[in-house]
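**Q** Sharing a structure here in structure tokens format.
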Amino acid sequence: VGEGRARWQSMIGAYDVNLPEGQAEADFAVVSESWLAGELLISHGTLTPVELHRSAERVVADGRDTFTFGLVTRGILGGDFDGRACELRPGEVCVIDFSRPWTARTASTEFILVSAPRAPLVAAVPHAGDLHGRLLEGATGRLLTEHFTALVRHLPQARAEDIPVIQRATLRMIAASLEALGPGD
């Protein structure tokens, strides 16, 4: 593993980071900034092409029980989310269940990731069912995209007293998008 890639993988810790065949270690680059908003982790960044893998062994070992809502703002991400294929293009949001294995490949990509604990989302939308690898589409998905974009634009100026409001509003927006999936969808 290259030095930069190894450092990034150790900071992330939740999945393996590999380079596509033919890409030199020296060409790997990631620029990312993150904010902790209560129980939410919001990240924004850019990334050169990579292959990401979260194995069943890692799922068991770390016990992460979160959903990550991935938005690509530039580039593309394609993956296999425990048997469900998903191709994420700019402006689309995909749900990644970290309690399950997955693999993904990116081109040069700009992304926004919002990680949230499972419990409040399952409580808010108990009928949502299997979300792993699902695209959040339609008007509610587009509103969620705009909300995520606004988060990374305004979080650098947020005050401590803003954080509970930001967390509640974000969880409500995510729950509304999941609600739009409908029962058994």
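By convention in this document, the chains of the structure tokens carry letters A, B, ... by their order, each chain's residues are numbered from 1, and ligands are numbered from 1 in the order they are shown.
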Any idea what's packed within 9 Å of region 12-26 of chain A, counting only C-alpha atoms, ignoring anything in its chain fewer than 2 positions away? Could you give it as a list in words?
**A**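 Returned residues: Val1, Gly2, Glu3, Gly4, Arg5, Ala6, Arg7, Trp8, Gln9, Ser10, Phe28, Ala29, Pro49, Val50, Glu51, Leu52, His53, Arg54, Ser55, Arg58, Val59, Asp62, Arg64, Phe98, Thr103 and Arg105 of chain A.
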**Q** What lies within 10 Å of His147 (chain A) using only C-alpha atoms, ignoring chain neighbours under 3 positions off, as a PyMOL selection string?
**A** chain A and resi 141-144+150-153+169-170+173-174
**Q** Identify, on the basis of only C-alpha atoms, every residue whose closest approach to region 81-89 of chain A does not exceed 8 Å; exclude the query and any residue fewer than 3 positions from it along the same chain; express the result as a list in words.
**A**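 Close residues of region 81-89 of chain A: Leu71, Val72, Thr73, Arg74, Gly75, Ile76, Leu77, Gly78, Glu92, Val93, Cys94, Ile96, Arg100, Pro101, Trp102, Thr103, His132, Gly133, Arg134 and Leu135 of chain A.
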**Q** Can you write just those residues out, N, CA, C and O atoms, as a CSV table (one decimal), in the first residue's frame?
**A**
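part38.csv, written as the output of this step:
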chain,number,residue,atom,x,y,z
A,71,LEU,N,-23.3,10.8,-1.9
A,71,LEU,CA,-23.7,11.7,-3.0
A,71,LEU,C,-22.5,11.9,-3.9
A,71,LEU,O,-21.5,12.4,-3.3
A,72,VAL,N,-22.6,11.7,-5.2
A,72,VAL,CA,-21.5,12.0,-6.1
A,72,VAL,C,-21.9,13.4,-6.7
A,72,VAL,O,-23.0,13.5,-7.3
A,73,THR,N,-21.0,14.3,-6.6
A,73,THR,CA,-21.2,15.6,-7.2
A,73,THR,C,-20.5,15.8,-8.5
A,73,THR,O,-20.8,16.7,-9.3
A,74,ARG,N,-19.5,15.0,-8.7
A,74,ARG,CA,-18.7,14.9,-10.0
A,74,ARG,C,-18.1,13.6,-10.1
A,74,ARG,O,-17.6,13.0,-9.1
A,75,GLY,N,-18.2,13.0,-11.2
A,75,GLY,CA,-17.6,11.6,-11.4
A,75,GLY,C,-18.6,10.5,-11.4
A,75,GLY,O,-19.8,10.8,-11.6
A,76,ILE,N,-18.2,9.4,-11.0
A,76,ILE,CA,-19.1,8.2,-11.0
A,76,ILE,C,-18.6,7.2,-9.9
A,76,ILE,O,-17.4,7.1,-9.7
A,77,LEU,N,-19.5,6.5,-9.3
A,77,LEU,CA,-19.2,5.4,-8.4
A,77,LEU,C,-20.1,4.3,-8.8
A,77,LEU,O,-21.4,4.4,-8.9
A,78,GLY,N,-19.6,3.1,-9.0
A,78,GLY,CA,-20.3,1.9,-9.2
A,78,GLY,C,-20.0,0.9,-8.2
A,78,GLY,O,-18.8,0.8,-7.8
A,92,GLU,N,-27.0,12.0,-7.6
A,92,GLU,CA,-27.7,10.9,-7.0
A,92,GLU,C,-27.2,10.5,-5.6
A,92,GLU,O,-26.0,10.6,-5.4
A,93,VAL,N,-28.1,10.0,-4.8
A,93,VAL,CA,-27.7,9.5,-3.5
A,93,VAL,C,-28.0,8.0,-3.4
A,93,VAL,O,-29.0,7.5,-3.7
A,94,CYS,N,-27.0,7.3,-2.9
A,94,CYS,CA,-27.0,5.9,-2.7
A,94,CYS,C,-26.9,5.6,-1.2
A,94,CYS,O,-26.1,6.2,-0.5
A,96,ILE,N,-25.7,3.1,1.7
A,96,ILE,CA,-24.7,2.1,2.0
A,96,ILE,C,-24.9,1.6,3.4
A,96,ILE,O,-24.7,2.5,4.3
A,100,ARG,N,-23.3,-4.5,6.3
A,100,ARG,CA,-23.2,-5.5,5.3
A,100,ARG,C,-22.0,-5.3,4.4
A,100,ARG,O,-21.5,-4.2,4.3
A,101,PRO,N,-21.5,-6.3,3.7
A,101,PRO,CA,-20.4,-6.2,2.8
A,101,PRO,C,-20.7,-5.4,1.5
A,101,PRO,O,-21.9,-5.4,1.1
A,102,TRP,N,-19.7,-4.8,0.9
A,102,TRP,CA,-19.9,-4.1,-0.3
A,102,TRP,C,-18.6,-3.9,-1.0
A,102,TRP,O,-17.5,-4.0,-0.4
A,103,THR,N,-18.6,-3.6,-2.3
A,103,THR,CA,-17.4,-3.2,-3.1
A,103,THR,C,-17.9,-2.1,-4.0
A,103,THR,O,-19.0,-2.0,-4.4
A,132,HIS,N,-29.7,-1.3,1.4
A,132,HIS,CA,-28.3,-1.4,1.0
A,132,HIS,C,-28.2,-1.3,-0.6
A,132,HIS,O,-28.8,-2.1,-1.3
A,133,GLY,N,-27.5,-0.3,-1.1
A,133,GLY,CA,-27.3,-0.1,-2.5
A,133,GLY,C,-28.5,0.6,-3.2
A,133,GLY,O,-28.5,0.7,-4.4
A,134,ARG,N,-29.5,1.1,-2.5
A,134,ARG,CA,-30.7,1.7,-3.1
A,134,ARG,C,-30.4,3.2,-3.4
A,134,ARG,O,-29.7,3.9,-2.7
A,135,LEU,N,-30.9,3.6,-4.6
A,135,LEU,CA,-30.8,5.0,-5.0
A,135,LEU,C,-32.0,5.7,-4.4
A,135,LEU,O,-33.1,5.2,-4.5
**Q** Can you check which residues of chain A DSSP gives as strand (DSSP E or B) on the backbone and send them as an MDAnalysis selection string?
**A** chainID A and resid 16:18 30:37 40:47 51:54 66:74 77:81 84:88 93:97 102:106 109:117 135:136
**Q** In terms of the shortest atom-to-atom distance over only C-alpha atoms, which of A:Leu181, A:Ala61, A:Ala37, A:Leu171 is closest to Ala123 (chain A)?
**A** A:Leu171
**Q** With DSSP run on the backbone, what are the helix (DSSP H, G or I) residues within region 76-184 of chain A? I'd like them as a ChimeraX atom specification.
**A** /A:118-124,126-128,138-157,160-179
**Q** Which region 40-81 of chain A residues have any atom within 6 Å of an atom of region 109-118 of chain A, and for each, what is the nearest pair of atoms with distance in Å to one decimal, counting only C-alpha atoms, rows sorted by chain and number, as a tab-separated table?
**A**
residue	atom	partner	partner_atom	distance
A:Leu40	CA	A:Ala116	CA	5.0
A:Leu41	CA	A:Ser115	CA	5.1
A:Ile42	CA	A:Val114	CA	4.5
A:Ser43	CA	A:Leu113	CA	5.1
A:His44	CA	A:Ile112	CA	4.5
A:Gly45	CA	A:Phe111	CA	5.5
A:Thr46	CA	A:Glu110	CA	4.2
A:Leu47	CA	A:Thr109	CA	5.3
A:Asp65	CA	A:Arg118	CA	5.9
A:Thr66	CA	A:Pro117	CA	4.4
A:Phe67	CA	A:Ala116	CA	5.5
A:Thr68	CA	A:Ser115	CA	4.1
A:Phe69	CA	A:Val114	CA	5.1
A:Gly70	CA	A:Leu113	CA	4.7
A:Leu71	CA	A:Ile112	CA	5.1
A:Val72	CA	A:Phe111	CA	4.5
A:Thr73	CA	A:Glu110	CA	5.4
A:Arg74	CA	A:Glu110	CA	4.9
A:Gly75	CA	A:Thr109	CA	4.3
